[in-house]
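> Got target-v5.cif for you, mmCIF, C-alpha atoms and all ligand atoms:
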```cif
data_my_file
loop_
_atom_site.label_atom_id
_atom_site.label_comp_id
_atom_site.auth_asym_id
_atom_site.auth_seq_id
_atom_site.Cartn_x
_atom_site.Cartn_y
_atom_site.Cartn_z
CA MET A 1 11.28 4.90 -20.31
CA MET A 2 9.38 6.58 -17.51
CA ASN A 3 7.74 9.79 -18.70
CA TYR A 4 8.60 11.87 -15.62
CA SER A 5 6.65 15.07 -15.29
CA SER A 6 9.14 17.71 -14.24
CA VAL A 7 10.08 17.87 -10.56
CA ARG A 8 7.83 20.45 -8.99
CA SER A 9 6.75 21.81 -5.66
CA ASP A 10 4.25 19.78 -3.71
CA PRO A 11 1.04 21.74 -3.11
CA PRO A 12 -1.22 20.15 -0.46
CA ASP A 13 -4.22 19.90 -2.80
CA GLU A 14 -2.21 17.71 -5.20
CA PRO A 15 -3.16 14.03 -4.96
CA ALA A 16 -0.67 11.84 -3.12
CA ILE A 17 -0.36 9.60 -6.20
CA ARG A 18 -1.16 10.33 -9.84
CA ALA A 19 -0.89 7.68 -12.55
CA GLU A 20 -1.45 8.31 -16.25
CA THR A 21 -1.17 5.60 -18.89
CA LEU A 22 0.88 3.54 -16.44
CA ASN A 23 2.18 0.25 -17.84
CA VAL A 24 4.40 -2.38 -16.27
CA VAL A 25 5.99 -5.42 -17.90
CA ARG A 26 7.38 -8.26 -15.74
CA GLY A 27 9.46 -10.79 -17.64
CA THR A 28 7.64 -10.97 -20.96
CA ARG A 29 4.18 -10.34 -19.46
CA GLN A 30 2.33 -7.04 -19.46
CA VAL A 31 1.18 -7.02 -15.81
CA LEU A 32 -0.32 -3.50 -15.57
CA ARG A 33 -2.10 -1.98 -18.54
CA ASP A 34 -2.84 1.73 -19.11
CA LEU A 35 -3.74 2.65 -15.54
CA ASP A 36 -5.12 6.14 -14.90
CA PHE A 37 -5.99 7.02 -11.31
CA THR A 38 -5.29 9.34 -8.42
CA VAL A 39 -5.00 8.65 -4.70
CA PRO A 40 -6.13 11.58 -2.51
CA ARG A 41 -4.10 12.76 0.48
CA GLY A 42 -4.96 12.10 4.10
CA GLN A 43 -7.26 9.18 3.35
CA ILE A 44 -7.18 5.40 3.28
CA THR A 45 -7.38 4.01 -0.23
CA GLY A 46 -7.92 0.27 -0.53
CA LEU A 47 -6.33 -1.57 -3.45
CA LEU A 48 -8.47 -4.63 -3.95
CA GLY A 49 -8.63 -7.43 -6.43
CA PRO A 50 -8.06 -11.15 -6.83
CA SER A 51 -4.70 -12.82 -6.32
CA GLY A 52 -2.38 -12.13 -9.27
CA CYS A 53 -4.25 -9.07 -10.57
CA GLY A 54 -1.21 -6.81 -10.07
CA LYS A 55 -1.61 -5.16 -6.65
CA THR A 56 1.97 -5.84 -5.47
CA THR A 57 3.37 -4.80 -8.84
CA LEU A 58 1.52 -1.49 -8.63
CA MET A 59 2.76 -0.90 -5.08
CA ARG A 60 6.34 -1.69 -6.14
CA ALA A 61 6.01 0.85 -8.95
CA ILE A 62 4.71 3.47 -6.50
CA VAL A 63 7.57 2.99 -4.04
CA GLY A 64 10.08 2.95 -6.91
CA THR A 65 11.35 -0.63 -6.76
CA GLN A 66 9.73 -1.96 -9.95
CA ALA A 67 11.58 -2.14 -13.28
CA LYS A 68 10.02 -1.65 -16.74
CA VAL A 69 7.52 1.02 -15.68
CA THR A 70 6.31 3.37 -18.42
CA GLY A 71 3.86 6.26 -18.43
CA THR A 72 3.49 8.87 -15.70
CA LEU A 73 3.62 8.00 -12.00
CA ASP A 74 3.96 10.92 -9.60
CA VAL A 75 4.14 10.34 -5.85
CA LEU A 76 3.93 13.24 -3.36
CA GLY A 77 4.65 15.61 -6.24
CA ARG A 78 7.79 13.79 -7.43
CA PRO A 79 8.34 11.05 -10.00
CA ALA A 80 8.10 7.60 -8.35
CA GLY A 81 11.53 6.45 -7.20
CA HIS A 82 12.88 10.00 -6.74
CA PRO A 83 15.58 9.91 -4.00
CA THR A 84 13.82 12.58 -1.90
CA LEU A 85 10.83 10.23 -1.52
CA ARG A 86 12.81 7.61 0.43
CA THR A 87 12.13 9.09 3.85
CA ARG A 88 8.61 10.27 2.96
CA ILE A 89 7.20 6.82 2.13
CA GLY A 90 6.82 3.79 4.40
CA TYR A 91 6.48 0.44 2.60
CA VAL A 92 5.52 -2.82 4.26
CA THR A 93 5.86 -5.88 2.03
CA GLN A 94 3.91 -9.13 2.46
CA ALA A 95 6.88 -10.85 4.10
CA PRO A 96 7.67 -9.26 7.49
CA SER A 97 11.19 -7.82 7.24
CA VAL A 98 12.53 -8.32 10.75
CA TYR A 99 15.66 -9.96 12.15
CA ASP A 100 14.73 -12.99 14.25
CA ASP A 101 17.84 -12.81 16.44
CA LEU A 102 17.15 -9.22 17.54
CA THR A 103 14.50 -7.99 19.98
CA ILE A 104 11.71 -5.70 18.79
CA SER A 105 13.56 -2.67 20.22
CA GLN A 106 16.83 -3.74 18.60
CA ASN A 107 15.13 -4.26 15.23
CA LEU A 108 13.61 -0.79 15.40
CA ALA A 109 16.87 0.77 16.63
CA TYR A 110 18.73 -0.81 13.70
CA PHE A 111 16.33 0.62 11.08
CA ALA A 112 16.21 3.98 12.90
CA ALA A 113 20.01 4.20 12.68
CA ILE A 114 19.83 3.72 8.90
CA LEU A 115 17.10 6.36 8.54
CA ASP A 116 18.59 8.92 10.91
CA PRO A 117 22.29 8.16 11.50
CA GLY A 118 24.84 9.86 13.77
CA HIS A 119 25.50 10.37 17.50
CA THR A 120 23.66 13.70 17.63
CA ALA A 121 20.40 12.01 16.54
CA ALA A 122 20.53 9.35 19.31
CA ASP A 123 17.82 10.93 21.51
CA ARG A 124 15.50 11.53 18.54
CA ARG A 125 16.01 7.93 17.40
CA HIS A 126 15.18 6.61 20.86
CA GLU A 127 11.98 8.70 20.93
CA ASN A 128 10.95 7.52 17.46
CA VAL A 129 11.60 3.87 18.32
CA THR A 130 9.54 4.12 21.54
CA ARG A 131 6.70 5.88 19.70
CA ALA A 132 6.61 3.43 16.78
CA ILE A 133 6.53 0.42 19.16
CA ALA A 134 3.69 2.04 21.12
CA ASP A 135 1.81 2.82 17.87
CA VAL A 136 1.57 -0.88 17.06
CA ASP A 137 0.78 -1.80 20.67
CA LEU A 138 3.93 -3.85 21.32
CA THR A 139 5.43 -1.88 24.23
CA ASN A 140 4.99 -4.84 26.57
CA HIS A 141 6.95 -7.06 24.15
CA ALA A 142 9.70 -4.56 23.29
CA ASP A 143 12.43 -6.82 24.71
CA ALA A 144 11.12 -10.05 23.15
CA LEU A 145 13.18 -11.69 20.40
CA ALA A 146 11.47 -11.26 17.02
CA GLY A 147 11.99 -14.99 16.36
CA ASN A 148 9.67 -15.78 19.29
CA LEU A 149 6.78 -13.59 18.13
CA SER A 150 3.50 -14.71 16.55
CA GLY A 151 2.83 -13.99 12.87
CA GLY A 152 0.58 -11.05 13.76
CA GLN A 153 3.17 -9.58 16.11
CA ARG A 154 5.88 -9.88 13.45
CA SER A 155 3.62 -8.05 10.96
CA ARG A 156 3.18 -5.29 13.51
CA VAL A 157 6.96 -5.00 13.96
CA SER A 158 7.25 -4.49 10.18
CA LEU A 159 4.57 -1.83 10.37
CA ALA A 160 6.43 -0.13 13.25
CA VAL A 161 9.57 0.00 11.07
CA ALA A 162 7.53 1.74 8.35
CA LEU A 163 6.18 4.22 10.93
CA LEU A 164 9.66 5.20 12.17
CA GLY A 165 10.17 8.15 9.89
CA THR A 166 6.56 9.42 10.33
CA PRO A 167 6.00 8.92 6.58
CA GLU A 168 3.49 11.02 4.63
CA LEU A 169 2.54 7.99 2.52
CA LEU A 170 2.24 4.45 3.86
CA VAL A 171 2.05 1.64 1.32
CA LEU A 172 0.96 -1.59 3.00
CA ASP A 173 0.80 -4.85 1.07
CA GLU A 174 -1.85 -7.12 2.62
CA PRO A 175 -1.01 -6.06 6.19
CA THR A 176 -3.87 -8.01 7.77
CA VAL A 177 -3.45 -11.33 5.98
CA GLY A 178 -3.55 -14.25 8.42
CA LEU A 179 -4.51 -12.11 11.42
CA ASP A 180 -7.38 -12.92 13.74
CA PRO A 181 -10.49 -10.68 13.66
CA VAL A 182 -9.58 -8.77 16.84
CA LEU A 183 -6.09 -7.91 15.60
CA ARG A 184 -7.50 -6.99 12.21
CA ARG A 185 -9.99 -4.63 13.80
CA ASP A 186 -7.25 -3.08 15.96
CA LEU A 187 -4.94 -2.59 12.98
CA TRP A 188 -7.69 -0.89 10.99
CA ALA A 189 -8.31 1.40 13.96
CA LEU A 190 -4.59 2.23 13.91
CA PHE A 191 -4.69 2.93 10.15
CA HIS A 192 -7.62 5.33 10.66
CA ASP A 193 -5.76 7.00 13.51
CA ILE A 194 -2.65 7.45 11.34
CA ALA A 195 -4.74 9.00 8.55
CA GLY A 196 -6.95 11.07 10.87
CA SER A 197 -4.50 12.45 13.42
CA ARG A 198 -1.37 12.75 11.27
CA GLY A 199 -2.97 13.44 7.89
CA ALA A 200 -0.96 10.60 6.35
CA THR A 201 -2.09 8.88 3.16
CA LEU A 202 -2.46 5.10 3.29
CA LEU A 203 -2.62 2.75 0.32
CA ILE A 204 -3.56 -0.70 1.60
CA SER A 205 -3.93 -3.83 -0.51
CA SER A 206 -6.16 -6.75 0.33
CA HIS A 207 -7.96 -9.51 -1.46
CA VAL A 208 -10.51 -9.72 1.36
CA MET A 209 -13.43 -7.73 0.04
CA ASN A 210 -15.02 -7.00 3.42
CA GLU A 211 -11.94 -4.92 4.30
CA ALA A 212 -13.01 -2.60 1.48
CA GLU A 213 -15.81 -1.30 3.66
CA ARG A 214 -13.20 0.16 6.03
CA CYS A 215 -11.57 2.36 3.35
CA HIS A 216 -12.41 5.94 2.35
CA ARG A 217 -11.79 5.13 -1.31
CA LEU A 218 -11.20 2.03 -3.40
CA LEU A 219 -9.22 1.05 -6.43
CA LEU A 220 -10.70 -2.21 -7.67
CA MET A 221 -8.34 -4.17 -9.93
CA ARG A 222 -8.75 -7.12 -12.24
CA GLU A 223 -6.21 -8.61 -14.65
CA GLY A 224 -3.86 -5.62 -14.52
CA GLN A 225 -6.52 -2.99 -15.03
CA ILE A 226 -8.51 -0.66 -12.79
CA LEU A 227 -12.17 -1.68 -12.77
CA ALA A 228 -13.34 1.15 -10.50
CA ASP A 229 -11.94 4.13 -8.60
CA ASP A 230 -14.58 5.37 -6.17
CA THR A 231 -15.89 5.43 -2.59
CA PRO A 232 -17.46 2.23 -1.19
CA ASP A 233 -20.83 4.03 -0.96
CA ALA A 234 -20.75 5.26 -4.54
CA LEU A 235 -19.75 1.80 -5.79
CA ARG A 236 -22.60 0.10 -3.97
CA THR A 237 -25.09 2.71 -5.20
CA ARG A 238 -23.84 2.68 -8.80
CA THR A 239 -24.14 -1.10 -9.05
CA ASP A 240 -27.24 -1.40 -6.87
CA SER A 241 -25.34 -3.79 -4.59
CA GLU A 242 -25.46 -4.34 -0.84
CA THR A 243 -21.74 -4.97 -0.39
CA VAL A 244 -18.52 -3.94 -2.11
CA GLU A 245 -17.96 -7.63 -2.91
CA ALA A 246 -21.28 -7.75 -4.80
CA ALA A 247 -20.39 -4.46 -6.52
CA PHE A 248 -17.02 -5.90 -7.57
CA LEU A 249 -18.65 -9.04 -9.02
CA HIS A 250 -21.17 -6.85 -10.86
CA LEU A 251 -18.33 -4.82 -12.39
CA VAL A 252 -16.44 -8.00 -13.36
CA ASP A 253 -19.54 -9.35 -15.13
CA GLU A 254 -19.96 -6.01 -16.92
CA ALA A 255 -16.29 -6.02 -18.03
CA VAL A 256 -16.54 -9.62 -19.29
CA ALA A 257 -19.77 -8.84 -21.20
CA ALA A 258 -18.18 -5.72 -22.74
CA ALA A 259 -15.12 -7.71 -23.83
CA ARG A 260 -17.35 -10.41 -25.42
CA ALA A 261 -19.43 -7.77 -27.24
CA LYS A 262 -16.19 -6.26 -28.61
CA GLU A 263 -15.04 -9.69 -29.81
CA THR A 264 -18.30 -10.41 -31.65
CA THR A 265 -18.31 -7.05 -33.48
CA ARG A 266 -14.79 -7.70 -34.85
N1 LIG A 301 9.07 -11.67 -11.39
C1 LIG A 301 8.00 -11.87 -12.16
N2 LIG A 301 8.14 -12.19 -13.46
C2 LIG A 301 7.08 -12.38 -14.27
N3 LIG A 301 5.79 -12.26 -13.85
C3 LIG A 301 5.61 -11.96 -12.56
C4 LIG A 301 6.69 -11.74 -11.66
N4 LIG A 301 6.17 -11.44 -10.45
C5 LIG A 301 4.84 -11.47 -10.59
N5 LIG A 301 4.50 -11.77 -11.85
C6 LIG A 301 3.14 -11.88 -12.41
O1 LIG A 301 2.56 -10.62 -12.34
C7 LIG A 301 1.16 -10.74 -12.04
C8 LIG A 301 0.81 -9.79 -10.91
O2 LIG A 301 1.48 -10.23 -9.71
P1 LIG A 301 1.29 -9.43 -8.36
O3 LIG A 301 2.18 -10.08 -7.34
O4 LIG A 301 1.48 -7.98 -8.62
O5 LIG A 301 -0.24 -9.72 -8.03
P2 LIG A 301 -1.08 -9.48 -6.69
O6 LIG A 301 -2.39 -8.93 -7.11
O7 LIG A 301 -0.27 -8.70 -5.72
O8 LIG A 301 -1.25 -10.97 -6.16
P3 LIG A 301 -1.39 -11.51 -4.62
O9 LIG A 301 -2.69 -10.95 -4.09
O10 LIG A 301 -1.44 -13.01 -4.81
O11 LIG A 301 -0.19 -11.05 -3.88
C9 LIG A 301 0.90 -12.20 -11.72
O12 LIG A 301 0.26 -12.78 -12.81
C10 LIG A 301 2.27 -12.79 -11.54
O13 LIG A 301 2.32 -14.12 -11.99
#
```
Write the structure described by the file as structure tokens, please.
Ligand SMILES: Nc1ncnc2c1ncn2[C@@H]1O[C@H](COP(=O)(O)OP(=O)(O)OP(=O)(O)O)[C@@H](O)[C@H]1O

Amino acid sequence: MMNYSSVRSDPPDEPAIRAETLNVVRGTRQVLRDLDFTVPRGQITGLLGPSGCGKTTLMRAIVGTQAKVTGTLDVLGRPAGHPTLRTRIGYVTQAPSVYDDLTISQNLAYFAAILDPGHTAADRRHENVTRAIADVDLTNHADALAGNLSGGQRSRVSLAVALLGTPELLVLDEPTVGLDPVLRRDLWALFHDIAGSRGATLLISSHVMNEAERCHRLLLMREGQILADDTPDALRTRTDSETVEAAFLHLVDEAVAAARAKETTR
């Protein structure tokens, strides 16, 4: 049973996300184990770790779509999954969620109508759709069928859908996977613009360690646990490493050695 802290107001100095003793079971497996961390507002936090370590599961818990979550998980001052969070969070899953038989504009218009229904909102919807398409640099393709787009373009349409409601928190699951270096660079520039100019909080997962260098803060995960919660600079300094990847490997070795030492003293 989720231990919801009581619904409260949402002071700006509160972290965007606060987890205490967070546990998640999927099937019969404990996938996340006793996580304690916070995600600050207005910054980009990278969620990094090897495939299968639990990044998607944690994101699903944060956006409120994951079952069997216990402990405390507050998001924008509300318990994760609270109905008032629906329009305040944008979530982009690994599989682009677009309709192939609709154009980019039609896809966006469809999702805008769900978010902001009614005839009186038509002008506002049109404005939001135009802005979101421009944000992801697809204005010149607005009338192209989604089924005819490249993988990178489809990912950007998904991102545009998440940007429709100008969310305070964007949760992006491996948004740059499979993209070429130029597109990846452009998307990271967009993420920094969203955080910098709108004050939005971004939680972005990746298993590509060099993307860590582009984040303000990092949550490094391994086997369902948080190995480190720090800035890239502090992580490199603390582990005397040149890159975040080297820092991560250092922390993994430390964790393995600590686990072995615990075993031998039993
Ligand atoms: N429906 C499920 N039932 C049982 N176990 C699951 C289920 N979905 C995922 N898992 C397990 O939970 C663990 C974490 O999966 P998750 O998808 O969160 O990892 P991830 O870090 O996002 O991986 P990737 O980078 O490959 O997407 C994995 O070991 C996976 O096998």
> May I ask you to write as a ChimeraX atom specification all residues lying at most 9 Å from ligand LIG 301 (chain A), with only C-alpha atoms and all ligand atoms counted?
/A:25-32,48-60,94,173-174,205-207,221-224
> Please, which residues in region 139-208 of chain A fall within 12 Å of region 113-116 of chain A when counting only C-alpha atoms, and what is the closest atom pair and distance in Å to one decimal for each, ordered by chain then residue number, as JSON lines?

```
{"residue": "A:Val161", "atom": "CA", "partner": "A:Leu115", "partner_atom": "CA", "distance": 10.2}
{"residue": "A:Ala162", "atom": "CA", "partner": "A:Leu115", "partner_atom": "CA", "distance": 10.6}
{"residue": "A:Leu163", "atom": "CA", "partner": "A:Leu115", "partner_atom": "CA", "distance": 11.4}
{"residue": "A:Leu164", "atom": "CA", "partner": "A:Leu115", "partner_atom": "CA", "distance": 8.4}
{"residue": "A:Gly165", "atom": "CA", "partner": "A:Leu115", "partner_atom": "CA", "distance": 7.3}
{"residue": "A:Thr166", "atom": "CA", "partner": "A:Leu115", "partner_atom": "CA", "distance": 11.1}
{"residue": "A:Pro167", "atom": "CA", "partner": "A:Leu115", "partner_atom": "CA", "distance": 11.6}
```
> Write out the residues from the selection above, keeping C-alpha atoms, as a short mmCIF file (atom, residue, chain, number, x, y, z; two decimals), in the frame of the given file.

```
data_model
loop_
_atom_site.label_atom_id
_atom_site.label_comp_id
_atom_site.auth_asym_id
_atom_site.auth_seq_id
_atom_site.Cartn_x
_atom_site.Cartn_y
_atom_site.Cartn_z
CA VAL A 161 9.57 0.00 11.07
CA ALA A 162 7.53 1.74 8.35
CA LEU A 163 6.18 4.22 10.93
CA LEU A 164 9.66 5.20 12.17
CA GLY A 165 10.17 8.15 9.89
CA THR A 166 6.56 9.42 10.33
CA PRO A 167 6.00 8.92 6.58
#
```
> For Glu14 (chain A), which of A:Gln43, A:Asp100, A:Tyr91, A:Gly77 is the closest residue, counting all atoms listed in the file?
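Of the candidates, the smallest distance to Glu14 (chain A) is held by A:Gly77.
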> Using all atoms listed in the file, determine which residues lie at most 10 Å from Ile133 (chain A), disregarding the query and same-chain residues fewer than 6 positions distant; provide the list as an NGL selection string.
:A and (104-105 or 108 or 139-142 or 156-157 or 159-161 or 163-164)
> Restricting the calculation to all atoms listed in the file: of A:Leu169, A:Met209, A:Val182, A:Ala122, which residue gets closest to Leu76 (chain A)?
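Distance minimum relative to Leu76 (chain A) lands on A:Leu169.
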> Calculate how many Å separate CA of Leu172 (chain A) from CA of Glu20 (chain A), rounding to one decimal.
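Distance reported for this atom pair: 21.8 Å.
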> What gap, in Å, lies between CA of Ala121 (chain A) and CA of Val63 (chain A)?
25.9 Å
> Work out how far apart CA of Asp135 (chain A) and CA of His82 (chain A) are and give it in Å to one decimal.
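Answer for the CA of Asp135 (chain A) to CA of His82 (chain A) separation: 27.9 Å.
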> Could you give me, as an mmCIF file with C-alpha atoms, keeping the file's coordinate frame, the residues that have an atom at most 10 Å away from the point (3.2, -12.1, 12.9) in the coordinates of the file, using all atoms listed in the file?

```cif
data_model
loop_
_atom_site.group_PDB
_atom_site.id
_atom_site.type_symbol
_atom_site.label_atom_id
_atom_site.label_comp_id
_atom_site.auth_asym_id
_atom_site.auth_seq_id
_atom_site.Cartn_x
_atom_site.Cartn_y
_atom_site.Cartn_z
ATOM 1 C CA ALA A 95 6.880 -10.850 4.100
ATOM 2 C CA PRO A 96 7.670 -9.260 7.490
ATOM 3 C CA ALA A 146 11.470 -11.260 17.020
ATOM 4 C CA GLY A 147 11.990 -14.990 16.360
ATOM 5 C CA ASN A 148 9.670 -15.780 19.290
ATOM 6 C CA LEU A 149 6.780 -13.590 18.130
ATOM 7 C CA SER A 150 3.500 -14.710 16.550
ATOM 8 C CA GLY A 151 2.830 -13.990 12.870
ATOM 9 C CA GLY A 152 0.580 -11.050 13.760
ATOM 10 C CA GLN A 153 3.170 -9.580 16.110
ATOM 11 C CA ARG A 154 5.880 -9.880 13.450
ATOM 12 C CA SER A 155 3.620 -8.050 10.960
ATOM 13 C CA ARG A 156 3.180 -5.290 13.510
ATOM 14 C CA VAL A 157 6.960 -5.000 13.960
ATOM 15 C CA SER A 158 7.250 -4.490 10.180
ATOM 16 C CA PRO A 175 -1.010 -6.060 6.190
ATOM 17 C CA THR A 176 -3.870 -8.010 7.770
ATOM 18 C CA VAL A 177 -3.450 -11.330 5.980
ATOM 19 C CA GLY A 178 -3.550 -14.250 8.420
ATOM 20 C CA LEU A 179 -4.510 -12.110 11.420
#
```
> Hey, which of A:Leu202, A:Leu227, A:Leu138, A:Ala109 ends up closest to Arg41 (chain A)? Count all atoms listed in the file.
A:Leu202
> List the neighbours of Leu187 (chain A) out to 8 Å using all atoms listed in the file; skip same-chain residues closer than 3 positions along the sequence, and give me the result as a list in words.
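Neighbouring residues, sequence-local ones excluded: Val136, Thr176, Leu183, Arg184, Leu190 and Phe191 of chain A.
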> Would you write out those residues with C-alpha atoms, as a short mmCIF file (atom, residue, chain, number, x, y, z; two decimals), in the coordinates of the input?

```cif
data_model
loop_
_atom_site.label_atom_id
_atom_site.label_comp_id
_atom_site.auth_asym_id
_atom_site.auth_seq_id
_atom_site.Cartn_x
_atom_site.Cartn_y
_atom_site.Cartn_z
CA VAL A 136 1.57 -0.88 17.06
CA THR A 176 -3.87 -8.01 7.77
CA LEU A 183 -6.09 -7.91 15.60
CA ARG A 184 -7.50 -6.99 12.21
CA LEU A 190 -4.59 2.23 13.91
CA PHE A 191 -4.69 2.93 10.15
#
```
> Would you mind telling me which residue in A:Thr231, A:Ala259, A:Asp180, A:His216 lies nearest to Gly196 (chain A) when using all atoms listed in the file?
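Closest to Gly196 (chain A), using all atoms listed in the file: A:His216.
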> Would you kindly place N, CA and C atoms on region 231-244 of chain A and return the model as a compact mmCIF listing (two decimals), keeping the file's coordinate frame?

```txt
# COMPACT_ATOMS: atom_id res chain seq x y z
N THR A 231 -15.66 5.72 -4.01
CA THR A 231 -15.89 5.43 -2.59
C THR A 231 -16.71 4.14 -2.48
N PRO A 232 -16.63 3.44 -1.33
CA PRO A 232 -17.46 2.23 -1.19
C PRO A 232 -18.95 2.53 -1.38
N ASP A 233 -19.41 3.66 -0.83
CA ASP A 233 -20.83 4.03 -0.96
C ASP A 233 -21.23 4.20 -2.42
N ALA A 234 -20.42 4.97 -3.14
CA ALA A 234 -20.75 5.26 -4.54
C ALA A 234 -20.74 3.97 -5.37
N LEU A 235 -19.81 3.07 -5.04
CA LEU A 235 -19.75 1.80 -5.79
C LEU A 235 -20.98 0.96 -5.56
N ARG A 236 -21.41 0.90 -4.28
CA ARG A 236 -22.60 0.10 -3.97
C ARG A 236 -23.82 0.71 -4.66
N THR A 237 -23.93 2.04 -4.61
CA THR A 237 -25.09 2.71 -5.20
C THR A 237 -25.11 2.50 -6.72
N ARG A 238 -23.93 2.75 -7.33
CA ARG A 238 -23.84 2.68 -8.80
C ARG A 238 -24.20 1.30 -9.33
N THR A 239 -23.89 0.26 -8.56
CA THR A 239 -24.14 -1.10 -9.05
C THR A 239 -25.37 -1.73 -8.39
N ASP A 240 -26.05 -0.92 -7.57
CA ASP A 240 -27.24 -1.40 -6.87
C ASP A 240 -26.92 -2.68 -6.08
N SER A 241 -25.80 -2.62 -5.34
CA SER A 241 -25.34 -3.79 -4.59
C SER A 241 -25.33 -3.49 -3.10
N GLU A 242 -25.46 -4.55 -2.30
CA GLU A 242 -25.46 -4.34 -0.84
C GLU A 242 -24.06 -4.27 -0.26
N THR A 243 -23.12 -4.94 -0.90
CA THR A 243 -21.74 -4.97 -0.39
C THR A 243 -20.77 -4.60 -1.51
N VAL A 244 -19.54 -4.24 -1.10
CA VAL A 244 -18.52 -3.94 -2.11
C VAL A 244 -18.19 -5.21 -2.89
```
